[in-house]
>>> print(open('protein-v4.txt').read())   # compact mmCIF, C-alpha atoms
# COMPACT_ATOMS: atom_id res chain seq x y z
CA MET L 1 -26.37 25.59 82.12
CA HIS L 2 -26.39 23.08 79.24
CA GLN L 3 -26.79 25.85 76.66
CA ILE L 4 -24.07 27.98 78.27
CA LEU L 5 -21.58 25.12 78.11
CA ALA L 6 -22.67 24.28 74.57
CA TYR L 7 -22.15 27.88 73.51
CA ILE L 8 -18.65 27.99 75.00
CA GLN L 9 -17.76 24.87 72.99
CA PHE L 10 -19.34 26.39 69.89
CA VAL L 11 -17.28 29.58 70.18
CA TRP L 12 -14.11 27.54 70.68
CA HIS L 13 -14.66 25.46 67.54
CA SER L 14 -16.44 27.93 65.26
CA LYS L 15 -14.92 29.76 62.31
CA ASN L 16 -15.83 32.59 59.93
CA GLU L 17 -15.46 32.68 56.16
CA HIS L 18 -11.66 32.60 56.41
CA GLY L 19 -11.82 29.05 57.77
CA VAL L 20 -14.02 27.74 54.96
CA HIS L 21 -12.28 25.89 52.12
CA SER L 22 -15.40 24.58 50.37
CA PRO L 23 -16.32 26.74 47.34
CA PHE L 24 -20.02 25.95 47.83
CA VAL L 25 -20.06 26.93 51.52
CA PHE L 26 -17.72 29.90 51.02
CA ASP L 27 -20.13 31.30 48.43
CA LEU L 28 -23.08 30.72 50.78
CA VAL L 29 -21.30 32.39 53.70
CA THR L 30 -20.03 35.45 51.83
CA LYS L 31 -23.07 36.07 49.63
CA CYS L 32 -25.83 35.10 52.06
CA PHE L 33 -24.77 34.72 55.70
CA TYR L 34 -22.56 37.84 55.73
CA ASP L 35 -24.58 39.86 53.22
CA LYS L 36 -24.73 43.43 54.62
CA LYS L 37 -27.22 44.90 52.15
CA LYS L 38 -30.16 46.80 53.64
CA TYR L 39 -33.06 45.01 51.98
CA THR L 40 -36.48 46.63 51.78
CA ALA L 41 -37.82 43.44 53.35
CA TYR L 42 -36.16 44.28 56.67
CA PRO L 43 -38.47 47.22 57.55
CA GLN L 44 -41.41 45.05 56.46
CA LEU L 45 -40.35 42.29 58.85
CA SER L 46 -39.91 44.88 61.59
CA ALA L 47 -43.38 46.26 60.91
CA TYR L 48 -44.93 42.82 61.29
CA ARG L 49 -43.06 42.24 64.53
CA HIS L 50 -44.31 45.55 65.94
CA GLN L 51 -47.84 44.66 64.85
CA LEU L 52 -47.65 41.57 67.06
CA LEU L 53 -45.90 43.38 69.92
CA ASN L 54 -48.78 45.87 70.01
CA ASN L 55 -51.38 43.09 70.30
CA LYS L 56 -52.22 42.56 73.98
CA GLU L 57 -54.96 40.00 73.44
CA THR L 58 -54.54 36.61 75.14
CA ILE L 59 -55.01 33.15 73.67
CA GLU L 60 -55.02 29.64 75.08
CA VAL L 61 -52.01 27.80 73.70
CA THR L 62 -51.90 24.05 73.11
CA ASP L 63 -48.25 22.93 73.26
CA PHE L 64 -47.38 19.64 71.55
CA GLY L 65 -43.63 20.20 71.73
CA ALA L 66 -40.95 20.15 74.42
CA GLY L 67 -42.68 22.87 76.43
CA SER L 68 -41.74 26.46 77.22
CA ARG L 69 -38.87 27.64 79.43
CA VAL L 70 -40.48 31.09 79.66
CA PHE L 71 -44.23 30.66 80.11
CA LYS L 72 -45.74 28.97 83.17
CA SER L 73 -49.31 29.10 81.88
CA ASN L 74 -50.95 28.16 78.60
CA THR L 75 -52.90 31.43 78.65
CA ARG L 76 -50.51 33.81 76.94
CA ALA L 77 -50.59 37.35 75.58
CA ILE L 78 -49.85 37.59 71.87
CA ASN L 79 -47.25 40.32 72.40
CA ALA L 80 -45.49 38.18 75.04
CA ILE L 81 -45.33 35.20 72.65
CA ALA L 82 -43.87 37.44 69.94
CA GLN L 83 -41.33 38.86 72.39
CA ASN L 84 -40.18 35.59 73.95
CA ALA L 85 -40.95 32.70 71.62
CA GLY L 86 -40.70 34.07 68.11
CA ILE L 87 -37.71 34.09 65.78
CA SER L 88 -35.33 36.98 66.53
CA PRO L 89 -35.05 39.94 64.11
CA LYS L 90 -31.52 38.89 63.12
CA ARG L 91 -32.59 35.31 62.41
CA ALA L 92 -35.66 36.47 60.47
CA GLN L 93 -33.40 38.52 58.21
CA LEU L 94 -31.08 35.54 57.71
CA LEU L 95 -34.04 33.28 56.88
CA PHE L 96 -35.19 35.83 54.30
CA ARG L 97 -31.70 35.86 52.75
CA LEU L 98 -31.49 32.04 52.68
CA VAL L 99 -34.78 31.74 50.80
CA GLN L 100 -33.67 34.44 48.38
CA TYR L 101 -30.19 32.95 47.90
CA CYS L 102 -31.48 29.40 47.35
CA GLN L 103 -34.31 30.65 45.12
CA ALA L 104 -36.67 28.32 46.96
CA GLN L 105 -39.95 27.75 45.12
CA SER L 106 -41.55 25.21 47.47
CA ILE L 107 -41.22 25.67 51.23
CA LEU L 108 -42.44 23.76 54.28
CA GLU L 109 -42.46 25.35 57.73
CA MET L 110 -43.00 23.14 60.75
CA GLY L 111 -44.18 25.37 63.58
CA THR L 112 -45.94 28.55 62.43
CA SER L 113 -46.31 30.09 65.90
CA LEU L 114 -47.32 33.73 65.22
CA GLY L 115 -45.88 33.79 61.72
CA LEU L 116 -42.67 35.77 62.25
CA ALA L 117 -40.62 33.18 60.37
CA THR L 118 -43.47 32.69 57.89
CA ALA L 119 -43.23 36.39 57.01
CA ALA L 120 -39.50 36.02 56.34
CA LEU L 121 -40.04 32.94 54.19
CA HIS L 122 -42.71 34.77 52.18
CA LEU L 123 -40.62 37.90 51.58
CA GLY L 124 -37.62 35.78 50.55
CA ASN L 125 -39.69 34.69 47.54
CA PRO L 126 -43.24 36.10 47.38
CA LYS L 127 -44.03 33.67 44.55
CA ALA L 128 -42.99 30.56 46.47
CA LYS L 129 -45.55 27.98 47.51
CA ILE L 130 -45.41 27.89 51.32
CA THR L 131 -47.07 25.23 53.46
CA THR L 132 -46.92 26.00 57.19
CA LEU L 133 -47.94 23.55 59.92
CA GLU L 134 -48.97 24.38 63.49
CA GLY L 135 -50.43 22.15 66.17
CA CYS L 136 -52.14 24.84 68.22
CA PRO L 137 -55.43 26.02 66.62
CA ASN L 138 -55.53 29.37 68.42
CA THR L 139 -51.95 30.26 67.58
CA HIS L 140 -52.47 29.29 63.95
CA THR L 141 -55.68 31.31 63.61
CA THR L 142 -53.92 34.33 65.11
CA ALA L 143 -50.93 33.97 62.76
CA GLN L 144 -53.13 33.68 59.69
CA SER L 145 -55.22 36.70 60.68
CA GLU L 146 -52.24 38.89 61.60
CA LEU L 147 -50.23 37.97 58.49
CA GLN L 148 -53.13 38.80 56.19
CA LYS L 149 -53.56 42.20 57.87
CA TRP L 150 -49.87 42.86 57.30
CA GLU L 151 -49.58 41.48 53.75
CA PRO L 152 -52.70 40.39 51.84
CA ALA L 153 -50.51 38.32 49.48
CA THR L 154 -49.98 35.82 52.31
CA ARG L 155 -53.48 34.51 51.56
CA SER L 156 -51.68 32.26 49.08
CA ILE L 157 -49.85 30.51 51.95
CA GLU L 158 -51.36 27.17 52.94
CA PHE L 159 -52.00 27.05 56.70
CA ILE L 160 -52.55 23.55 58.09
CA THR L 161 -53.52 23.07 61.72
CA THR L 162 -52.38 19.57 62.59
CA GLU L 163 -50.29 17.32 64.77
CA PHE L 164 -47.14 17.01 62.68
CA SER L 165 -46.62 13.27 62.29
CA GLY L 166 -50.03 12.72 60.70
CA ALA L 167 -49.57 15.49 58.15
CA LEU L 168 -46.04 14.40 57.26
CA SER L 169 -47.13 10.90 56.31
CA THR L 170 -49.08 12.53 53.45
CA LEU L 171 -46.65 15.34 52.62
CA GLY L 172 -43.73 12.93 52.52
CA THR L 173 -45.19 11.00 49.60
CA ALA L 174 -46.92 13.76 47.64
CA ASN L 175 -44.43 16.65 47.58
CA THR L 176 -40.85 17.78 47.21
CA PHE L 177 -39.49 20.86 48.97
CA ASP L 178 -36.65 23.24 48.17
CA LEU L 179 -36.48 24.39 51.79
CA ILE L 180 -37.83 23.06 55.09
CA TYR L 181 -37.69 25.03 58.34
CA PHE L 182 -38.05 22.78 61.41
CA ASP L 183 -39.24 24.78 64.43
CA GLY L 184 -42.01 22.81 66.02
CA ASN L 185 -40.96 20.19 68.54
CA HIS L 186 -37.55 20.49 70.17
CA SER L 187 -37.17 16.88 71.26
CA LYS L 188 -34.78 14.23 69.95
CA THR L 189 -37.41 11.59 69.20
CA ALA L 190 -39.77 13.93 67.33
CA THR L 191 -37.00 15.69 65.38
CA LEU L 192 -35.52 12.42 64.13
CA ALA L 193 -38.99 11.07 63.27
CA TYR L 194 -39.82 14.19 61.21
CA PHE L 195 -36.43 14.00 59.50
CA GLU L 196 -37.00 10.40 58.42
CA GLN L 197 -40.60 11.05 57.33
CA LEU L 198 -39.57 13.98 55.13
CA LEU L 199 -36.50 12.43 53.49
CA PRO L 200 -38.54 11.41 50.39
CA THR L 201 -39.29 15.12 49.78
CA ALA L 202 -35.62 16.13 49.51
CA LYS L 203 -34.02 17.14 46.21
CA ASN L 204 -30.36 17.56 45.36
CA ASN L 205 -30.49 21.30 46.06
CA SER L 206 -32.81 21.16 49.06
CA VAL L 207 -31.81 22.97 52.23
CA TRP L 208 -33.19 21.98 55.64
CA ILE L 209 -32.91 24.22 58.69
CA PHE L 210 -33.28 22.81 62.20
CA ASP L 211 -33.91 25.34 64.97
CA ASP L 212 -32.48 25.07 68.51
CA ILE L 213 -30.05 22.22 67.86
CA HIS L 214 -28.33 22.97 71.20
CA TRP L 215 -31.61 23.31 73.14
CA SER L 216 -30.86 20.14 75.11
CA LYS L 217 -28.58 17.12 75.12
CA GLY L 218 -31.29 15.24 73.24
CA MET L 219 -31.44 17.86 70.49
CA GLU L 220 -27.66 17.77 70.16
CA GLU L 221 -27.83 13.99 69.77
CA ALA L 222 -30.54 14.40 67.12
CA TRP L 223 -28.35 16.90 65.26
CA GLU L 224 -25.38 14.50 65.31
CA ASN L 225 -27.57 11.73 63.88
CA ILE L 226 -28.97 14.00 61.17
CA LYS L 227 -25.67 15.47 59.97
CA ASN L 228 -24.09 12.00 59.79
CA HIS L 229 -26.97 10.48 57.82
CA PRO L 230 -25.79 9.02 54.48
CA ASP L 231 -28.04 11.39 52.50
CA ILE L 232 -26.52 14.51 54.09
CA THR L 233 -23.36 15.71 52.37
CA VAL L 234 -22.87 19.20 53.89
CA SER L 235 -23.86 20.45 57.35
CA ILE L 236 -23.48 23.84 59.03
CA ASP L 237 -23.83 24.45 62.77
CA THR L 238 -24.54 28.13 63.53
CA PHE L 239 -25.38 27.31 67.17
CA GLN L 240 -29.01 28.42 66.88
CA TRP L 241 -29.55 26.51 63.65
CA GLY L 242 -28.31 23.33 62.06
CA ILE L 243 -28.43 23.55 58.25
CA VAL L 244 -28.04 20.52 55.99
CA PHE L 245 -27.68 19.95 52.25
CA PHE L 246 -28.16 16.88 50.03
CA ARG L 247 -25.66 17.69 47.27
CA LYS L 248 -24.88 14.34 45.60
CA GLU L 249 -21.79 15.81 43.94
CA GLN L 250 -20.20 15.96 47.42
CA ARG L 251 -21.20 12.47 48.54
CA MET L 252 -17.60 11.26 48.46
CA ALA L 253 -16.36 14.23 50.51
CA LYS L 254 -18.88 15.02 53.23
CA GLU L 255 -18.18 18.31 55.02
CA HIS L 256 -19.29 19.61 58.43
CA PHE L 257 -18.83 23.25 59.40
CA THR L 258 -19.26 25.20 62.64
CA LEU L 259 -19.69 28.84 61.67
CA ARG L 260 -20.29 32.14 63.42
CA VAL L 261 -23.21 33.91 61.76
>>> encode(input="protein-v4.txt", output="C-alpha cells")
Amino acid sequence: MHQILAYIQFVWHSKNEHGVHSPFVFDLVTKCFYDKKKYTAYPQLSAYRHQLLNNKETIEVTDFGAGSRVFKSNTRAINAIAQNAGISPKRAQLLFRLVQYCQAQSILEMGTSLGLATAALHLGNPKAKITTLEGCPNTHTTAQSELQKWEPATRSIEFITTEFSGALSTLGTANTFDLIYFDGNHSKTATLAYFEQLLPTAKNNSVWIFDDIHWSKGMEEAWENIKNHPDITVSIDTFQWGIVFFRKEQRMAKEHFTLRV
C-alpha cells in the first residue's frame, strides 16, 4: 500500500524532458534516459538473463538487508531469484546507458546478487574497473561463475564477499569512484551510513544511484536526507531510483527533479 500511494504521488509530480530547464539534466534526459537506439549490448544483457532463468539449481541465501517481500525461505532457486529479485530488463538497459553516457572508469556496485546489474555496468564500459560487493557467499559465487560463462572478460571485475560497512571503511579512504550503484540494504539506517562512509570517494562528476528509494517510509526519509545533503547539487527521482550528482558549479543553485523514465 505504501508503494502504491508513493507511486500515485510520483506520477502527480513527475515531468518529462519538457519540464526540465537545467541544461545539464536536459542533456542527460534526452541523450541518455530517452535514448531509443538499439544497442548491441541489449541482446547480450537478455542472453545473460535467460542464462540465469534457465538455471534451476537452488542455493542457500544469507540476507543482510531489509529482507524479501517475495521469498519465504532462504533456500531459493537461481531462476526464481533472477525472475523476482534482479534488476528489470528496462532498468538494466538504462544502467548500461548511464555508464556509457557518464564514461565511468571506476565503478562500485553494492549488492551483486546474481550479477544482472553487474553485466550492465560492464557492458556500459568494458574497460572500467568494477568492484562489486555482496554479503551472501553463495549468491556471490553463483554470480561470478555465471558471469564468467557469459563473458570471460568479466574476470577483470573484482568480486568482494563482505558485510558492507567493514569494506566501506577501507574503500572510503583508498578510492574514488565515477559511479556507485547502491542496491544492497534497503533500510534507512544502512543507506545513510553507506552514503556517509562513501562521501570521501566522490568526485565532481560522480553519479550515485540509489535503488528502491520508495521501498518504505524509511527509505523515502533516507532519500530526502541524501538529496538535501550540502554536497549534493542535483538530484533526480525516477521512482525506482534516486540519482545524485556532486557538481560544484551548481552549488549555489541546487536542483531536484522528479522525472518519468
>>> atom_distance(input="protein-v4.txt", atom1="CA of Gln100 (chain L)", atom2="CA of Gly124 (chain L)")
4.7 Å
>>> residues_around(input="protein-v4.txt", residues="Ser106 (chain L)", least_positions_apart="4", cutoff="7 Å", atoms="all atoms listed in the file", output="PyMOL selection string")
chain L and resi 128-130+177-179
>>> residues_around(input="protein-v4.txt", residues="Tyr194 (chain L)", least_positions_apart="6", cutoff="10 Å", atoms="all atoms listed in the file", output="PyMOL selection string")
chain L and resi 110+164-165+168-169+172+182+185
>>> residues_around(input="protein-v4.txt", residues="Ala153 (chain L)", least_positions_apart="2", cutoff="12 Å", atoms="all atoms listed in the file", output="list of chain:residue names")
L:Ala119, L:His122, L:Leu123, L:Asn125, L:Pro126, L:Lys127, L:Ala128, L:Lys129, L:Ile130, L:Gln144, L:Leu147, L:Gln148, L:Lys149, L:Trp150, L:Glu151, L:Arg155, L:Ser156, L:Ile157, L:Glu158
>>> write_last_selection(input="protein-v4.txt", atoms="C-alpha atoms", output="PDB file, in the coordinates of the input")
ATOM      1  CA  ALA L 119     -43.230  36.390  57.010  1.00  0.00           C
ATOM      2  CA  HIS L 122     -42.710  34.770  52.180  1.00  0.00           C
ATOM      3  CA  LEU L 123     -40.620  37.900  51.580  1.00  0.00           C
ATOM      4  CA  ASN L 125     -39.690  34.690  47.540  1.00  0.00           C
ATOM      5  CA  PRO L 126     -43.240  36.100  47.380  1.00  0.00           C
ATOM      6  CA  LYS L 127     -44.030  33.670  44.550  1.00  0.00           C
ATOM      7  CA  ALA L 128     -42.990  30.560  46.470  1.00  0.00           C
ATOM      8  CA  LYS L 129     -45.550  27.980  47.510  1.00  0.00           C
ATOM      9  CA  ILE L 130     -45.410  27.890  51.320  1.00  0.00           C
ATOM     10  CA  GLN L 144     -53.130  33.680  59.690  1.00  0.00           C
ATOM     11  CA  LEU L 147     -50.230  37.970  58.490  1.00  0.00           C
ATOM     12  CA  GLN L 148     -53.130  38.800  56.190  1.00  0.00           C
ATOM     13  CA  LYS L 149     -53.560  42.200  57.870  1.00  0.00           C
ATOM     14  CA  TRP L 150     -49.870  42.860  57.300  1.00  0.00           C
ATOM     15  CA  GLU L 151     -49.580  41.480  53.750  1.00  0.00           C
ATOM     16  CA  ARG L 155     -53.480  34.510  51.560  1.00  0.00           C
ATOM     17  CA  SER L 156     -51.680  32.260  49.080  1.00  0.00           C
ATOM     18  CA  ILE L 157     -49.850  30.510  51.950  1.00  0.00           C
ATOM     19  CA  GLU L 158     -51.360  27.170  52.940  1.00  0.00           C
TER      20      GLU L 158
END
>>> closest_residue(input="protein-v4.txt", among="L:Ile81, L:Leu53, L:Leu108, L:Leu133", to="Thr161 (chain L)", atoms="only C-alpha atoms")
L:Leu133
